[in-house]
Structures are given as C-alpha cells and as structure tokens.
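To start, the structure under review is shown below, and the notes come after it.
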Amino acid sequence: MAKAKRSPSELRAMFGANLRTLAADYASISDLSRQLEINRTQFNRYLSGESFPRPDVLDRICTFFGVDARVLLEPVSQIQSRRDPINTPFLRDYVAAGIGDVSEMLFPNGFYRFARRSFVKEDVYFVGLLHVRRDGETTVARGYESKDAMQLQDLPTDAATREYRGLVMRQENGLVLLAARKNAMTASFNFLSKVASFEDNYWVGYTTRTVPETVDGLRVTRLSFEFVGTSLKKVLPAARTVGFCKEEDLPPFHRRQLNPGVPFS
C-alpha cells in the first residue's frame, strides 16, 4: 500500500517534534542555537513547527545531531534506534570523539600478534592474532579465541562461538580496544600505549576480562601488541605461534614487555 502523502504542515510538525527531542539533551536553547549558528527566533520557529530550515541549514542541523534528513519524515526515536548508539548527542563529545580519531598512522590496518598471561591456566601464556581495519570512520578489530582456551572453559569450539569483534578508541595516553563475543556473551577491556622499538610496531598495556571476582584465575594482566602487517610472508609465521605457551617460548620482545615474575599493579 502506498504511503499517504503528508502536507507541509504535517512535515513541519514532525520536524519540530524531532528537533525538540534532540534539543532536550541541551540545557539552553540559546546556547544550542549559537552552536548551530542559527538565529534564536528562527530556531524557535523550527521547534514550534512553524517553519522549515533551508537545505544548507537542515544539513548543518543533521550533521550536528548525527541524524539524516529522515527527521522530516519519521520520529527521531525510530531513527536513533537504527543508527550508531554511541554517536548520539549525549555521547558524541565523550565516547564517540575517541572512536572517530584513530588514524592509520597511529594504529595501522593489518594483523596484530598479541601476548598475555593465560586467564585460565596458571604459569602459562597465551599468544593470539587479530585483524584491524577501518569501517567508515571507526577502527574495528576481529579475532578468534583458541580452541584450547574454549575447551578449558567447557565452551563450544566452532568458529562462530570463538569469534570476537571490537572497536578501538583513542585516549590521551594511548588506545582502548573494547571487544566482545557474539551477543556480548563475554567482553574484554584492553589499554595500549606505544613503546619504543626498532620498527616502531609495538604497544604495551593491560587487558581485563569481564568475570565476577569469585571466578578462579586472573581478571587483569599485562598485554603486548605487535603490528605484523598485511603480507602473508609475515602473517603466516605469526599465526603459527598462536596458542598457549611457556614463558621461555614467548617471542623475545613480548616476553621482555610482559615482565614475567613482576606482579601487575
């Protein structure tokens, strides 16, 4: 069935209602109109549904609030439910600011080898591999838990269950990688900062897992990241090192950065 045509007054009313919803996160309409560089009187006319903005002004409003021109056609609650939940007016200048500010020079696309102590096996380390790429303005990561690690936790070992994905945020002193398995079954928080190395390709920090304090094993430990690149000539040898290993079998630079024997603080 064809959608009923809407009159100009209905469209103005829809836009006004949406604009009032978007503006509700701001303490002052006067300050908001100044940020948008729109005359306060004219902005009030938009809010009341008396007037439409010009195309260039509409574009400015949509860009500022992180919405699109559907604000003329649909309730903003429906639009927001289908868009990036982090890039909302409430979070955009806080969480989203760090997500859109990770340059390839800072954290390149490609494969990374990482190492840390095992969360589930005492005196054992784990080496993994993940892939980082850009998805629009967001830096995303993807990897797989090892089958051995899943078996130790009595979890399925199929690829879909082992897969985890995440996003990278820039911080003042480094990077944060938030990752989770499908349906957010488990998650991890990882902080990394660049360290001096010959090829300028290492980061060091720590990782945490989201489990209650009563669960046996570590919940936080040191973490080292190594940019391997995109060449199969380098990636395949790194992939062969993935899995559990003893301290003496860690890649040398990783072992030095993880400081075995020194308590994490």
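How things are named: the first chain in the structure tokens is A, the next is B, and so on; residues count from 1 in each chain; ligands count from 1 in the order shown.
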
Can you list, as a short mmCIF file (atom, residue, chain, number, x, y, z; two decimals) with N, CA and C atoms, in the first residue's frame, every protein, DNA or RNA residue that comes within 6 Å of segment 217-226 of chain A when you count only C-alpha atoms, leaving out same-chain residues fewer than 4 positions away?
```
data_model
loop_
_atom_site.label_atom_id
_atom_site.label_comp_id
_atom_site.auth_asym_id
_atom_site.auth_seq_id
_atom_site.Cartn_x
_atom_site.Cartn_y
_atom_site.Cartn_z
N TYR A 112 47.72 -8.10 13.91
CA TYR A 112 48.48 -7.86 15.12
C TYR A 112 48.63 -9.16 15.90
N ARG A 113 49.84 -9.41 16.36
CA ARG A 113 50.06 -10.53 17.28
C ARG A 113 50.09 -9.95 18.69
N PHE A 114 49.39 -10.61 19.62
CA PHE A 114 49.39 -10.14 20.99
C PHE A 114 49.75 -11.27 21.94
N ALA A 115 50.22 -10.90 23.12
CA ALA A 115 50.61 -11.90 24.12
C ALA A 115 50.20 -11.41 25.50
N ARG A 116 49.84 -12.34 26.35
CA ARG A 116 49.47 -12.06 27.74
C ARG A 116 49.54 -13.35 28.54
N PHE A 119 44.40 -16.45 31.23
CA PHE A 119 43.40 -16.19 32.27
C PHE A 119 42.98 -17.48 32.98
N VAL A 120 43.19 -18.62 32.32
CA VAL A 120 42.61 -19.88 32.84
C VAL A 120 43.65 -20.94 33.20
N ASN A 201 56.63 -0.76 16.07
CA ASN A 201 55.45 -1.57 15.83
C ASN A 201 54.95 -2.31 17.07
N TYR A 202 55.25 -1.78 18.28
CA TYR A 202 54.81 -2.45 19.50
C TYR A 202 54.02 -1.52 20.40
N TRP A 203 53.03 -2.11 21.07
CA TRP A 203 52.22 -1.43 22.08
C TRP A 203 52.19 -2.30 23.32
N VAL A 204 52.13 -1.68 24.48
CA VAL A 204 52.09 -2.43 25.74
C VAL A 204 51.01 -1.84 26.63
N GLY A 205 50.35 -2.67 27.39
CA GLY A 205 49.31 -2.19 28.29
C GLY A 205 48.80 -3.31 29.17
N TYR A 206 47.49 -3.39 29.28
CA TYR A 206 46.90 -4.45 30.10
C TYR A 206 45.53 -4.82 29.53
N THR A 207 45.05 -5.97 29.92
CA THR A 207 43.74 -6.45 29.49
C THR A 207 42.96 -6.97 30.68
N THR A 208 41.65 -6.80 30.64
CA THR A 208 40.79 -7.31 31.70
C THR A 208 39.69 -8.17 31.09
N ARG A 209 39.23 -9.13 31.83
CA ARG A 209 38.09 -9.92 31.37
C ARG A 209 36.90 -9.69 32.30
N LEU A 258 56.25 -8.11 28.89
CA LEU A 258 55.29 -8.67 29.84
C LEU A 258 55.87 -8.79 31.25
#
```

Write out, as a Markdown table, each residue of segment 75-148 of chain A that has an atom at most 10 Å from segment 170-194 of chain A, together with the closest pair of atoms and their distance in Å to one decimal, counting only C-alpha atoms, rows going by chain and rising number.
```
| residue | atom | partner | partner_atom | distance |
| --- | --- | --- | --- | --- |
| A:Val95 | CA | A:Arg170 | CA | 9.5 |
| A:Ala96 | CA | A:Arg170 | CA | 9.7 |
| A:Ala97 | CA | A:Arg170 | CA | 8.2 |
| A:Gly98 | CA | A:Arg170 | CA | 4.6 |
| A:Ile99 | CA | A:Arg170 | CA | 6.3 |
| A:Gly100 | CA | A:Arg170 | CA | 8.1 |
| A:Asp101 | CA | A:Arg170 | CA | 6.2 |
| A:Val102 | CA | A:Arg170 | CA | 5.7 |
| A:Ser103 | CA | A:Arg170 | CA | 9.1 |
| A:Leu106 | CA | A:Lys194 | CA | 9.0 |
| A:Phe107 | CA | A:Leu175 | CA | 8.7 |
| A:Thr139 | CA | A:Leu177 | CA | 9.5 |
| A:Val140 | CA | A:Leu177 | CA | 8.7 |
| A:Ala141 | CA | A:Ala179 | CA | 7.9 |
| A:Arg142 | CA | A:Ala179 | CA | 8.4 |
| A:Gly143 | CA | A:Ala179 | CA | 9.4 |
| A:Tyr144 | CA | A:Arg181 | CA | 9.0 |
| A:Glu145 | CA | A:Arg181 | CA | 9.3 |
```

Can you write out the residues you just picked, keeping C-alpha atoms, as a compact mmCIF listing (two decimals), in the first residue's frame?
```txt
# COMPACT_ATOMS: atom_id res chain seq x y z
CA VAL A 95 32.88 8.33 23.86
CA ALA A 96 32.37 8.86 20.13
CA ALA A 97 35.08 11.53 19.96
CA GLY A 98 37.75 8.93 20.67
CA ILE A 99 36.31 6.37 18.25
CA GLY A 100 36.50 8.64 15.21
CA ASP A 101 40.02 9.86 15.97
CA VAL A 102 42.21 6.78 15.43
CA SER A 103 44.41 7.46 12.42
CA LEU A 106 48.56 5.81 14.97
CA PHE A 107 47.18 2.27 14.62
CA THR A 139 38.54 1.35 13.66
CA VAL A 140 37.34 -2.21 14.24
CA ALA A 141 39.06 -5.47 15.20
CA ARG A 142 38.27 -9.13 14.72
CA GLY A 143 39.83 -12.30 16.07
CA TYR A 144 39.18 -15.82 17.35
CA GLU A 145 39.70 -17.44 20.73
```

- What gap, in Å, lies between atom CA of Arg133 of chain A and atom CA of Asn109 of chain A?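 Separating atom CA of Arg133 of chain A from atom CA of Asn109 of chain A is a distance of 4.7 Å.
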
May I have the residues within 7 Å of Arg117 of chain A as a tab-separated table (two decimals) with N, CA and C atoms, in the first residue's frame, using only C-alpha atoms and disregarding those fewer than 6 positions away in the same chain?
```tsv
chain	number	residue	atom	x	y	z
A	124	VAL	N	51.11	-20.05	32.55
A	124	VAL	CA	51.09	-20.27	31.10
A	124	VAL	C	50.73	-18.95	30.44
A	125	TYR	N	51.24	-18.75	29.24
A	125	TYR	CA	50.95	-17.53	28.48
A	125	TYR	C	50.13	-17.87	27.24
A	126	PHE	N	49.51	-16.83	26.70
A	126	PHE	CA	48.70	-17.02	25.50
A	126	PHE	C	49.13	-16.03	24.43
A	221	THR	N	45.72	-8.53	33.49
A	221	THR	CA	47.12	-8.87	33.32
A	221	THR	C	47.74	-8.01	32.23
```

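Residues of segment 148-216 of chain A carrying a DSSP assignment of helix (DSSP H, G or I), computed from the backbone, are Asp148, Ala149, Met150, Gln151, Leu152, Ala159, Ala160, Thr161, Arg162, Lys182, Asn183 and Ala184 of chain A.
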
- Message: Restricting the calculation to only C-alpha atoms: of A:Phe244, A:Tyr94, A:Tyr26, A:Tyr46, which residue gets closest to Lys147 of chain A?
- Response: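 Closest residue, counting only C-alpha atoms: A:Phe244.
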
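The neighbours of Asn39 of chain A here are the residues that come within 12 Å of it, using only C-alpha atoms and leaving out any residue fewer than 5 positions away in the same chain; they are A:Ile29, A:Ser30, A:Asp31, A:Leu32, A:Ser33, A:Arg34, A:Asn44, A:Arg45, A:Tyr46, A:Pro53, A:Val57.
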
Okay, now the selection with C-alpha atoms, as a compact mmCIF listing (two decimals), in the first residue's frame?
```
# COMPACT_ATOMS: atom_id res chain seq x y z
CA ILE A 29 18.20 26.64 23.70
CA SER A 30 20.07 29.92 23.39
CA ASP A 31 23.42 28.16 23.65
CA LEU A 32 22.30 25.41 21.27
CA SER A 33 21.18 27.91 18.64
CA ARG A 34 24.55 29.67 18.96
CA ASN A 44 12.15 28.68 17.90
CA ARG A 45 10.07 28.67 14.71
CA TYR A 46 11.64 25.34 13.75
CA PRO A 53 15.08 25.25 7.52
CA VAL A 57 20.68 24.84 7.46
```

- Can you list, as a ChimeraX atom specification, every protein, DNA or RNA residue that comes within 9 Å of Pro251 of chain A when you count only C-alpha atoms, leaving out same-chain residues fewer than 4 positions away? /A:115,241,255-256

- Across A:Leu19, A:Ile86, A:Ile38, A:Leu129, the smallest distance to Cys62 of chain A, with only C-alpha atoms counted, is shown by A:Leu19
